[in-house]
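Structure file start16.txt (compact mmCIF, C-alpha atoms) follows.
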# COMPACT_ATOMS: atom_id res chain seq x y z
CA MET H 1 -64.96 -14.59 35.79
CA ASN H 2 -61.82 -15.16 33.75
CA PHE H 3 -58.99 -16.42 36.00
CA TRP H 4 -56.58 -13.76 34.66
CA GLU H 5 -58.97 -11.04 35.82
CA THR H 6 -58.90 -12.26 39.43
CA PRO H 7 -56.38 -10.78 41.90
CA VAL H 8 -54.27 -13.96 41.77
CA GLY H 9 -54.28 -14.08 37.98
CA TRP H 10 -53.50 -10.37 37.70
CA THR H 11 -50.57 -10.80 40.12
CA ILE H 12 -49.18 -13.74 38.12
CA LEU H 13 -49.44 -11.80 34.86
CA THR H 14 -47.85 -8.69 36.34
CA VAL H 15 -44.93 -10.59 37.87
CA ALA H 16 -44.39 -12.46 34.59
CA HIS H 17 -44.45 -9.16 32.70
CA ILE H 18 -41.92 -7.61 35.11
CA LEU H 19 -39.62 -10.63 34.81
CA ALA H 20 -39.87 -10.61 31.00
CA VAL H 21 -39.02 -6.90 30.77
CA THR H 22 -36.19 -7.25 33.30
CA VAL H 23 -34.60 -10.29 31.60
CA VAL H 24 -34.79 -8.70 28.13
CA LEU H 25 -33.41 -5.43 29.54
CA LEU H 26 -30.47 -7.18 31.22
CA LEU H 27 -29.64 -9.09 28.03
CA THR H 28 -29.90 -5.86 26.06
CA ILE H 29 -27.55 -4.12 28.50
CA ALA H 30 -25.01 -6.95 28.10
CA PHE H 31 -24.90 -6.46 24.33
CA ILE H 32 -25.10 -2.65 24.67
CA ILE H 33 -21.87 -2.80 26.71
CA TYR H 34 -20.33 -4.99 24.01
CA GLY H 35 -21.48 -2.57 21.30
CA ASP H 36 -20.18 0.42 23.23
CA ARG H 37 -16.72 -1.16 23.49
CA LYS H 38 -16.76 -2.14 19.82
CA ILE H 39 -17.72 1.37 18.68
CA PHE H 40 -15.04 2.90 20.90
CA ALA H 41 -12.49 0.44 19.50
CA GLY H 42 -13.56 1.11 15.92
CA VAL H 43 -13.11 4.85 16.27
CA GLN H 44 -9.60 4.23 17.62
CA ALA H 45 -8.78 1.65 14.91
CA ARG H 46 -8.69 -1.22 17.42
CA LYS H 47 -10.49 -4.56 17.36
CA GLY H 48 -12.17 -4.42 20.75
CA PRO H 49 -13.59 -7.61 22.35
CA ASN H 50 -13.04 -10.47 19.88
CA VAL H 51 -11.98 -13.56 21.83
CA VAL H 52 -14.85 -14.78 24.05
CA GLY H 53 -17.49 -16.29 21.77
CA PRO H 54 -18.00 -15.54 18.07
CA PHE H 55 -16.83 -11.98 17.36
CA GLY H 56 -16.44 -11.55 21.13
CA LEU H 57 -20.22 -11.53 21.66
CA LEU H 58 -19.96 -13.33 25.02
CA GLN H 59 -17.44 -10.91 26.52
CA SER H 60 -20.04 -9.22 28.73
CA PHE H 61 -21.10 -12.59 30.16
CA ALA H 62 -17.46 -13.49 30.85
CA ASP H 63 -17.09 -10.18 32.69
CA LEU H 64 -20.24 -11.01 34.69
CA GLY H 65 -18.73 -14.33 35.75
CA LYS H 66 -15.51 -12.60 36.78
CA PHE H 67 -17.37 -10.08 38.95
CA LEU H 68 -19.45 -12.78 40.64
CA ILE H 69 -16.52 -14.99 41.67
CA LYS H 70 -14.13 -12.23 42.78
CA GLU H 71 -13.62 -11.80 46.51
CA LEU H 72 -15.76 -9.09 48.09
CA VAL H 73 -13.45 -6.75 50.01
CA ILE H 74 -15.03 -4.10 52.26
CA PRO H 75 -12.74 -1.32 53.58
CA ALA H 76 -12.07 -1.66 57.30
CA GLY H 77 -13.44 1.78 58.18
CA ALA H 78 -16.51 1.59 55.94
CA ASP H 79 -20.10 1.59 57.14
CA LYS H 80 -20.79 -1.93 55.91
CA ALA H 81 -24.59 -1.72 55.80
CA VAL H 82 -24.65 1.54 53.82
CA TYR H 83 -21.68 0.39 51.72
CA LEU H 84 -23.61 -2.68 50.50
CA LEU H 85 -27.00 -0.94 50.35
CA ALA H 86 -25.82 1.87 48.02
CA PRO H 87 -25.32 -0.24 44.84
CA LEU H 88 -28.57 -2.11 45.53
CA ILE H 89 -30.48 1.18 45.68
CA SER H 90 -28.83 2.42 42.49
CA VAL H 91 -29.59 -0.69 40.42
CA THR H 92 -33.14 -1.05 41.81
CA LEU H 93 -34.04 2.53 40.86
CA ALA H 94 -32.33 2.22 37.47
CA LEU H 95 -34.31 -0.90 36.55
CA GLY H 96 -37.51 0.31 38.23
CA ALA H 97 -37.65 3.34 35.97
CA TRP H 98 -38.48 1.00 33.07
CA ALA H 99 -41.85 0.17 34.65
CA VAL H 100 -43.57 3.02 32.77
CA MET H 101 -41.60 2.95 29.51
CA PRO H 102 -43.89 2.26 26.49
CA ILE H 103 -41.77 -0.34 24.70
CA ALA H 104 -44.48 -1.38 22.22
CA PRO H 105 -48.30 -1.31 22.03
CA GLY H 106 -49.42 -3.21 25.14
CA TRP H 107 -45.83 -3.90 26.20
CA MET H 108 -45.35 -1.91 29.38
CA VAL H 109 -45.53 -2.88 33.03
CA SER H 110 -47.65 0.06 34.15
CA ASP H 111 -49.41 2.56 31.90
CA ILE H 112 -49.99 5.34 34.43
CA ASN H 113 -51.22 8.83 33.65
CA VAL H 114 -48.28 10.49 35.41
CA GLY H 115 -45.48 8.43 33.86
CA ILE H 116 -43.30 11.53 33.45
CA LEU H 117 -43.62 12.37 37.16
CA TYR H 118 -42.73 8.77 38.04
CA LEU H 119 -39.55 9.01 35.97
CA PHE H 120 -38.69 12.34 37.60
CA ALA H 121 -39.13 10.82 41.06
CA VAL H 122 -37.07 7.72 40.33
CA SER H 123 -34.26 9.59 38.59
CA SER H 124 -34.11 12.14 41.42
CA MET H 125 -33.70 9.38 44.02
CA GLY H 126 -30.92 7.75 42.00
CA VAL H 127 -28.45 10.29 43.36
CA TYR H 128 -28.87 8.85 46.88
CA GLY H 129 -27.20 5.57 45.93
CA ILE H 130 -24.16 7.44 44.63
CA ILE H 131 -23.89 9.72 47.69
CA MET H 132 -24.30 6.76 50.05
CA GLY H 133 -21.63 4.78 48.19
CA GLY H 134 -19.14 7.64 48.32
CA TRP H 135 -19.78 8.46 51.97
CA ALA H 136 -19.87 4.87 53.27
CA SER H 137 -16.45 4.06 51.78
CA ASN H 138 -14.76 6.25 54.44
CA SER H 139 -12.32 7.72 51.93
CA LYS H 140 -11.88 11.22 50.59
CA TYR H 141 -11.64 10.30 46.89
CA PRO H 142 -15.00 8.50 46.61
CA PHE H 143 -16.64 11.12 48.81
CA LEU H 144 -15.49 13.94 46.54
CA GLY H 145 -16.50 11.89 43.50
CA SER H 146 -20.01 11.35 44.90
CA LEU H 147 -20.40 15.08 45.62
CA ARG H 148 -19.35 15.91 42.07
CA SER H 149 -21.79 13.38 40.69
CA ALA H 150 -24.65 14.66 42.85
CA ALA H 151 -24.03 18.27 41.80
CA GLN H 152 -23.80 17.26 38.15
CA MET H 153 -26.97 15.14 38.18
CA VAL H 154 -29.04 17.77 40.00
CA SER H 155 -27.80 20.53 37.68
CA TYR H 156 -28.80 18.76 34.47
CA GLU H 157 -32.08 17.39 35.84
CA VAL H 158 -33.33 20.98 35.89
CA SER H 159 -32.80 21.56 32.17
CA ILE H 160 -34.10 18.07 31.35
CA GLY H 161 -37.25 18.93 33.29
CA PHE H 162 -37.90 22.12 31.32
CA VAL H 163 -37.24 20.31 28.03
CA ILE H 164 -39.77 17.61 28.96
CA ILE H 165 -42.32 20.32 29.85
CA THR H 166 -42.24 21.48 26.21
CA VAL H 167 -43.12 17.91 25.14
CA ILE H 168 -45.92 17.73 27.74
CA LEU H 169 -47.36 21.00 26.44
CA ILE H 170 -47.41 19.75 22.85
CA ALA H 171 -48.93 16.35 23.72
CA GLY H 172 -51.26 17.71 26.39
CA SER H 173 -50.53 14.77 28.66
CA MET H 174 -47.93 13.30 31.05
CA ASN H 175 -48.83 9.76 29.97
CA LEU H 176 -45.97 8.31 27.94
CA THR H 177 -48.31 6.22 25.79
CA THR H 178 -50.36 9.30 24.92
CA ILE H 179 -47.18 11.21 24.09
CA THR H 180 -46.11 8.35 21.81
CA ASP H 181 -49.48 8.07 20.05
CA ALA H 182 -49.59 11.85 19.49
CA GLN H 183 -46.57 11.45 17.19
CA ALA H 184 -48.20 8.93 14.83
CA GLY H 185 -48.02 9.59 11.10
CA TRP H 186 -45.08 10.85 9.11
CA PHE H 187 -41.76 11.55 10.83
CA ILE H 188 -42.54 15.26 10.48
CA ASN H 189 -45.15 14.69 13.22
CA TRP H 190 -42.51 13.67 15.76
CA ASN H 191 -41.88 16.13 18.58
CA MET H 192 -38.32 16.60 17.32
CA PHE H 193 -39.87 18.32 14.28
CA GLY H 194 -42.58 20.29 16.05
CA GLY H 195 -45.08 17.60 17.04
CA SER H 196 -47.79 18.33 14.47
CA LYS H 197 -50.85 16.08 14.70
CA GLU H 198 -51.21 13.26 12.18
CA GLY H 199 -52.24 14.56 8.77
CA THR H 200 -51.42 18.20 9.59
CA LEU H 201 -48.40 20.48 9.77
CA ASN H 202 -49.97 22.91 12.23
CA ASN H 203 -46.97 22.89 14.60
CA LEU H 204 -44.21 22.77 11.99
CA PRO H 205 -42.81 26.22 13.00
CA LEU H 206 -42.05 24.68 16.41
CA ILE H 207 -39.21 22.74 14.74
CA LEU H 208 -37.12 25.86 15.37
CA ILE H 209 -37.61 25.25 19.10
CA MET H 210 -38.09 21.51 19.48
CA PHE H 211 -35.09 20.39 17.42
CA PRO H 212 -32.69 22.33 19.70
CA MET H 213 -34.65 20.95 22.68
CA GLY H 214 -33.99 17.43 21.42
CA VAL H 215 -30.28 18.22 21.17
CA ILE H 216 -30.26 19.70 24.69
CA PHE H 217 -32.07 16.63 26.01
CA PHE H 218 -29.48 14.36 24.38
CA ILE H 219 -26.53 16.30 25.79
CA SER H 220 -28.15 16.64 29.22
CA GLY H 221 -28.72 12.88 29.20
CA LEU H 222 -24.98 12.39 28.78
CA ALA H 223 -24.31 14.61 31.80
CA GLU H 224 -27.13 13.08 33.85
CA THR H 225 -25.64 9.60 33.45
CA ASN H 226 -22.02 10.74 34.01
CA ARG H 227 -21.24 9.74 30.46
CA PRO H 228 -18.16 10.99 28.55
CA PRO H 229 -17.38 13.79 27.82
CA PHE H 230 -19.07 14.62 31.15
CA ASP H 231 -17.61 11.78 33.23
CA LEU H 232 -16.12 14.18 35.75
CA PRO H 233 -17.05 12.11 38.86
CA GLU H 234 -14.57 9.46 37.75
CA ALA H 235 -12.00 11.48 35.84
CA GLU H 236 -8.99 9.20 36.18
CA SER H 237 -6.42 12.03 36.40
CA GLU H 238 -8.34 13.72 39.22
CA LEU H 239 -10.45 11.37 41.32
CA VAL H 240 -9.25 7.88 40.31
CA ALA H 241 -12.62 6.11 39.86
CA GLY H 242 -14.94 8.56 41.60
CA TYR H 243 -17.56 7.29 44.04
CA ALA H 244 -16.82 3.64 43.11
CA VAL H 245 -13.08 3.70 43.81
CA GLU H 246 -13.43 1.53 46.96
CA TYR H 247 -15.82 -0.92 45.32
CA GLY H 248 -15.01 -4.23 43.67
CA SER H 249 -16.60 -7.56 42.83
CA THR H 250 -20.43 -7.69 42.69
CA PRO H 251 -21.16 -4.26 44.30
CA TYR H 252 -19.06 -2.54 41.64
CA MET H 253 -20.85 -4.54 38.96
CA LEU H 254 -24.20 -3.32 40.33
CA PHE H 255 -23.06 0.31 40.12
CA TYR H 256 -21.90 -0.28 36.54
CA LEU H 257 -25.17 -2.04 35.70
CA ALA H 258 -27.16 0.88 37.12
CA GLU H 259 -25.16 3.40 35.11
CA THR H 260 -25.58 1.44 31.87
CA ALA H 261 -29.30 0.89 32.52
CA ASN H 262 -29.70 4.65 32.97
CA ILE H 263 -27.85 5.28 29.70
CA VAL H 264 -30.21 2.93 27.86
CA LEU H 265 -33.17 4.53 29.67
CA MET H 266 -32.20 8.02 28.48
CA SER H 267 -31.79 6.67 24.95
CA GLY H 268 -35.22 5.01 25.09
CA LEU H 269 -36.79 8.10 26.65
CA MET H 270 -35.47 10.30 23.85
CA ALA H 271 -37.00 7.85 21.37
CA VAL H 272 -40.36 8.19 23.15
CA LEU H 273 -40.34 11.95 23.71
CA PHE H 274 -38.82 13.17 20.46
CA LEU H 275 -38.62 10.37 17.85
CA GLY H 276 -42.11 8.91 17.82
CA GLY H 277 -41.55 5.96 20.15
CA TRP H 278 -42.79 2.72 18.61
CA HIS H 279 -44.27 4.43 15.54
CA ALA H 280 -42.71 4.06 12.10
CA PRO H 281 -41.69 7.27 10.28
CA TRP H 282 -44.69 6.86 7.95
CA PRO H 283 -48.48 6.32 8.39
CA GLU H 284 -49.28 2.87 9.78
CA GLY H 285 -52.78 2.27 8.47
CA TYR H 286 -51.72 -1.19 7.32
CA LEU H 287 -51.45 -2.34 10.95
CA ALA H 288 -55.26 -2.38 11.29
CA SER H 289 -55.39 -5.70 9.41
CA TRP H 290 -52.51 -7.25 11.36
CA PRO H 291 -52.89 -9.49 14.43
CA ALA H 292 -52.34 -7.61 17.70
CA TRP H 293 -49.15 -9.52 18.56
CA LEU H 294 -47.63 -8.79 15.16
CA ALA H 295 -48.51 -5.10 15.40
CA SER H 296 -46.84 -5.01 18.83
CA LEU H 297 -43.75 -6.70 17.42
CA HIS H 298 -43.71 -4.11 14.62
CA GLY H 299 -43.71 -1.35 17.23
CA LEU H 300 -41.02 -3.09 19.28
CA VAL H 301 -38.69 -3.26 16.28
CA PHE H 302 -39.01 0.47 15.60
CA TYR H 303 -38.67 1.41 19.28
CA ALA H 304 -35.55 -0.74 19.65
CA GLY H 305 -34.09 0.65 16.43
CA LYS H 306 -34.55 4.26 17.57
CA THR H 307 -33.14 3.49 21.02
CA PHE H 308 -30.05 1.83 19.53
CA PHE H 309 -29.61 4.77 17.14
CA VAL H 310 -29.60 7.25 20.04
CA PHE H 311 -27.19 4.99 21.93
CA PHE H 312 -24.93 4.81 18.87
CA MET H 313 -24.79 8.60 18.79
CA ASN H 314 -24.09 8.48 22.53
CA ALA H 315 -21.16 6.11 21.95
CA MET H 316 -19.78 8.23 19.12
CA VAL H 317 -19.77 11.32 21.36
CA ARG H 318 -17.94 9.30 23.99
CA SER H 319 -15.36 8.26 21.42
CA ILE H 320 -14.75 11.63 19.78
CA VAL H 321 -15.39 14.53 22.17
CA PRO H 322 -12.69 15.31 24.77
CA ARG H 323 -13.62 15.57 28.44
CA TYR H 324 -14.92 18.92 29.73
CA ARG H 325 -13.47 20.73 32.72
CA TYR H 326 -15.81 20.81 35.71
CA ASP H 327 -16.34 24.56 35.51
CA GLN H 328 -17.22 24.20 31.81
CA LEU H 329 -19.69 21.45 32.66
CA MET H 330 -21.52 23.52 35.26
CA ARG H 331 -21.45 26.66 33.11
CA LEU H 332 -23.04 24.76 30.23
CA GLY H 333 -25.83 23.45 32.47
CA TRP H 334 -26.69 26.59 34.42
CA LYS H 335 -25.83 29.41 32.00
CA VAL H 336 -26.73 27.87 28.63
CA PHE H 337 -29.14 24.94 28.89
CA LEU H 338 -31.27 26.23 31.79
CA PRO H 339 -32.12 29.67 30.34
CA THR H 340 -32.51 28.25 26.82
CA SER H 341 -34.96 25.55 27.93
CA LEU H 342 -36.86 28.06 30.10
CA VAL H 343 -37.29 30.40 27.13
CA ALA H 344 -38.42 27.39 25.05
CA VAL H 345 -41.17 26.63 27.59
CA PHE H 346 -42.53 30.18 27.26
CA ALA H 347 -42.23 30.09 23.46
CA VAL H 348 -44.05 26.75 23.10
CA SER H 349 -46.74 27.85 25.56
CA GLY H 350 -47.27 31.08 23.64
CA TRP H 351 -47.50 29.26 20.33
CA LEU H 352 -50.05 26.75 21.64
CA VAL H 353 -52.19 29.47 23.21
CA TYR H 354 -52.07 31.46 19.98
CA THR H 355 -53.01 28.47 17.79
CA GLY H 356 -55.25 26.64 20.26
CA LEU H 357 -54.17 24.33 23.06
CA PRO H 358 -53.85 20.58 22.21
CA GLY H 359 -56.44 18.03 23.20
Structure encoded using structure tokens:
Amino acid sequence: MNFWETPVGWTILTVAHILAVTVVLLLTIAFIIYGDRKIFAGVQARKGPNVVGPFGLLQSFADLGKFLIKELVIPAGADKAVYLLAPLISVTLALGAWAVMPIAPGWMVSDINVGILYLFAVSSMGVYGIIMGGWASNSKYPFLGSLRSAAQMVSYEVSIGFVIITVILIAGSMNLTTITDAQAGWFINWNMFGGSKEGTLNNLPLILIMFPMGVIFFISGLAETNRPPFDLPEAESELVAGYAVEYGSTPYMLFYLAETANIVLMSGLMAVLFLGGWHAPWPEGYLASWPAWLASLHGLVFYAGKTFFVFFMNAMVRSIVPRYRYDQLMRLGWKVFLPTSLVAVFAVSGWLVYTGLPG
């Protein structure tokens, strides 16, 4: 038997795979933060980070060093165990969600058949870290900020769930790899444009439903990750810094890392669910003659490009759109996105039954 097929070999490979994905993800997050600050600065006609390293590229690493060496101060009345556990839970769940993300052909930690359900479970538990952090600080401001954040995240998870159901119906599977492969071919086959199967345009009329669903997913992702213009949990004029107001040093960095990892996750998930994942926007028959590692690298380039594009749009919204009031935020989620996505589920289901269910 091949050593890598034994339990010990499988464990070594899996751990190495997890470490590789985690290290690349953390490096990506460092430069995503740099890019976010540069885009924000560019919109406001400022330079942004430009001192540490060439073009300021090492600014995120300088910030990391600052967080690590700062003194850890815990409020006197805080529940110390819960106070320190909250950011650890948040960052663990944020990074753990990447276990099922199809980054490239063969490049995923776990290719499970219920990848969508796994993401739902992990994202739903992410709210516990925020509530624990706000409550354990023993202060009214972070507690109110954590309650706002919990209400906001739960509200927009509902509409995100219905939007994802439309994608599941079109692909006929909850496996993220299957959903990605179902969008192979021309860009018109992507779920954003109706999710027609390769070589056909049988679902093209669904573009009238799926394109708005892609937009709703994008906007709901901003609210789910407390991203401007929906950063109400930490609106400076109201709640100072929200649930993290009593945090500093490394625990604060872990909260910030978790939030950024979730932003990148939502960008990558939109690339998978609506923009074809690792597939190019044209037929890829030429990959059949390529070595497997080169074909995987080809997919990785396209997946990364789509993820960065969605993040760029995310950063532009942050830079341009003014902050919503809290009542406007909740009205948008419950009175606009929820009924719209629910109607979309019925419409997509009816279309697929009328034309023949997928698979």
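Residues in contact range of H:Gly299, defined as at most 7 Å between only C-alpha atoms, with sequence neighbours fewer than 2 positions away removed, read Ala104, Pro105, Trp278, His279, Ala295, Ser296, Leu297, Val301, Phe302 and Tyr303 of chain H.
Residues in contact with H:Phe274 at up to 9 Å, not including ones fewer than 2 positions away on its chain and judged by all atoms listed in the file, are H:Val167, H:Thr180, H:Gln183, H:Trp190, H:Asn191, H:Met192, H:Phe193, H:Gly195, H:Met210, H:Phe211, H:Gly214, H:Leu269, H:Met270, H:Ala271, H:Val272, H:Gly276, H:Gly277.
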Excluding H:Phe217 and residues on its chain fewer than 6 positions from it, collect all residues at most 10 Å away from it, counting all atoms listed in the file, and give them as a PyMOL selection string. chain H and resi 156-157+159-164+211+223-224+266+269-270+273-274+337+341
Got time to write the residues from that selection, C-alpha atoms, as an mmCIF file, in the frame of the given file?
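So again-v2.cif came out as:
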data_model
loop_
_atom_site.group_PDB
_atom_site.id
_atom_site.type_symbol
_atom_site.label_atom_id
_atom_site.label_comp_id
_atom_site.auth_asym_id
_atom_site.auth_seq_id
_atom_site.Cartn_x
_atom_site.Cartn_y
_atom_site.Cartn_z
ATOM 1 C CA TYR H 156 -28.800 18.760 34.470
ATOM 2 C CA GLU H 157 -32.080 17.390 35.840
ATOM 3 C CA SER H 159 -32.800 21.560 32.170
ATOM 4 C CA ILE H 160 -34.100 18.070 31.350
ATOM 5 C CA GLY H 161 -37.250 18.930 33.290
ATOM 6 C CA PHE H 162 -37.900 22.120 31.320
ATOM 7 C CA VAL H 163 -37.240 20.310 28.030
ATOM 8 C CA ILE H 164 -39.770 17.610 28.960
ATOM 9 C CA PHE H 211 -35.090 20.390 17.420
ATOM 10 C CA ALA H 223 -24.310 14.610 31.800
ATOM 11 C CA GLU H 224 -27.130 13.080 33.850
ATOM 12 C CA MET H 266 -32.200 8.020 28.480
ATOM 13 C CA LEU H 269 -36.790 8.100 26.650
ATOM 14 C CA MET H 270 -35.470 10.300 23.850
ATOM 15 C CA LEU H 273 -40.340 11.950 23.710
ATOM 16 C CA PHE H 274 -38.820 13.170 20.460
ATOM 17 C CA PHE H 337 -29.140 24.940 28.890
ATOM 18 C CA SER H 341 -34.960 25.550 27.930
#
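Nearest to H:Asn262 of all the residues H:Ile188, H:Ala288, H:Ala16, H:Leu222 is H:Leu222, counting all atoms listed in the file.
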Closest contacts (stretch 188-300 of chain H/stretch 55-65 of chain H, max 10 Å, all atoms listed in the file) as JSON lines:
{"residue": "H:Ser249", "atom": "CA", "partner": "H:Leu64", "partner_atom": "CA", "distance": 9.6}
{"residue": "H:Thr250", "atom": "CA", "partner": "H:Leu64", "partner_atom": "CA", "distance": 8.7}
{"residue": "H:Met253", "atom": "CA", "partner": "H:Leu64", "partner_atom": "CA", "distance": 7.8}
Nearby residues, (-28.8, 18.0, 36.3) file frame, 12 Å, only C-alpha atoms, as an mmCIF file with C-alpha atoms, in the coordinates of the input:
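Written file, part-v3.cif:
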data_model
loop_
_atom_site.group_PDB
_atom_site.id
_atom_site.type_symbol
_atom_site.label_atom_id
_atom_site.label_comp_id
_atom_site.auth_asym_id
_atom_site.auth_seq_id
_atom_site.Cartn_x
_atom_site.Cartn_y
_atom_site.Cartn_z
ATOM 1 C CA PHE H 120 -38.690 12.340 37.600
ATOM 2 C CA SER H 123 -34.260 9.590 38.590
ATOM 3 C CA SER H 124 -34.110 12.140 41.420
ATOM 4 C CA GLY H 126 -30.920 7.750 42.000
ATOM 5 C CA VAL H 127 -28.450 10.290 43.360
ATOM 6 C CA ARG H 148 -19.350 15.910 42.070
ATOM 7 C CA SER H 149 -21.790 13.380 40.690
ATOM 8 C CA ALA H 150 -24.650 14.660 42.850
ATOM 9 C CA ALA H 151 -24.030 18.270 41.800
ATOM 10 C CA GLN H 152 -23.800 17.260 38.150
ATOM 11 C CA MET H 153 -26.970 15.140 38.180
ATOM 12 C CA VAL H 154 -29.040 17.770 40.000
ATOM 13 C CA SER H 155 -27.800 20.530 37.680
ATOM 14 C CA TYR H 156 -28.800 18.760 34.470
ATOM 15 C CA GLU H 157 -32.080 17.390 35.840
ATOM 16 C CA VAL H 158 -33.330 20.980 35.890
ATOM 17 C CA SER H 159 -32.800 21.560 32.170
ATOM 18 C CA ILE H 160 -34.100 18.070 31.350
ATOM 19 C CA GLY H 161 -37.250 18.930 33.290
ATOM 20 C CA PHE H 162 -37.900 22.120 31.320
ATOM 21 C CA ILE H 216 -30.260 19.700 24.690
ATOM 22 C CA PHE H 217 -32.070 16.630 26.010
ATOM 23 C CA ILE H 219 -26.530 16.300 25.790
ATOM 24 C CA SER H 220 -28.150 16.640 29.220
ATOM 25 C CA GLY H 221 -28.720 12.880 29.200
ATOM 26 C CA LEU H 222 -24.980 12.390 28.780
ATOM 27 C CA ALA H 223 -24.310 14.610 31.800
ATOM 28 C CA GLU H 224 -27.130 13.080 33.850
ATOM 29 C CA THR H 225 -25.640 9.600 33.450
ATOM 30 C CA ASN H 226 -22.020 10.740 34.010
ATOM 31 C CA PHE H 230 -19.070 14.620 31.150
ATOM 32 C CA LEU H 329 -19.690 21.450 32.660
ATOM 33 C CA MET H 330 -21.520 23.520 35.260
ATOM 34 C CA ARG H 331 -21.450 26.660 33.110
ATOM 35 C CA LEU H 332 -23.040 24.760 30.230
ATOM 36 C CA GLY H 333 -25.830 23.450 32.470
ATOM 37 C CA TRP H 334 -26.690 26.590 34.420
ATOM 38 C CA PHE H 337 -29.140 24.940 28.890
ATOM 39 C CA LEU H 338 -31.270 26.230 31.790
#
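Distance check against H:Ala99 using all atoms listed in the file: of H:Thr307, H:Thr14, H:Thr340, H:Ser196, the minimum falls on H:Thr14.
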When you count only C-alpha atoms, which of these residues is closest to H:Val348: H:Gln44, H:Asn203, H:Gln328, H:Ser289? H:Asn203
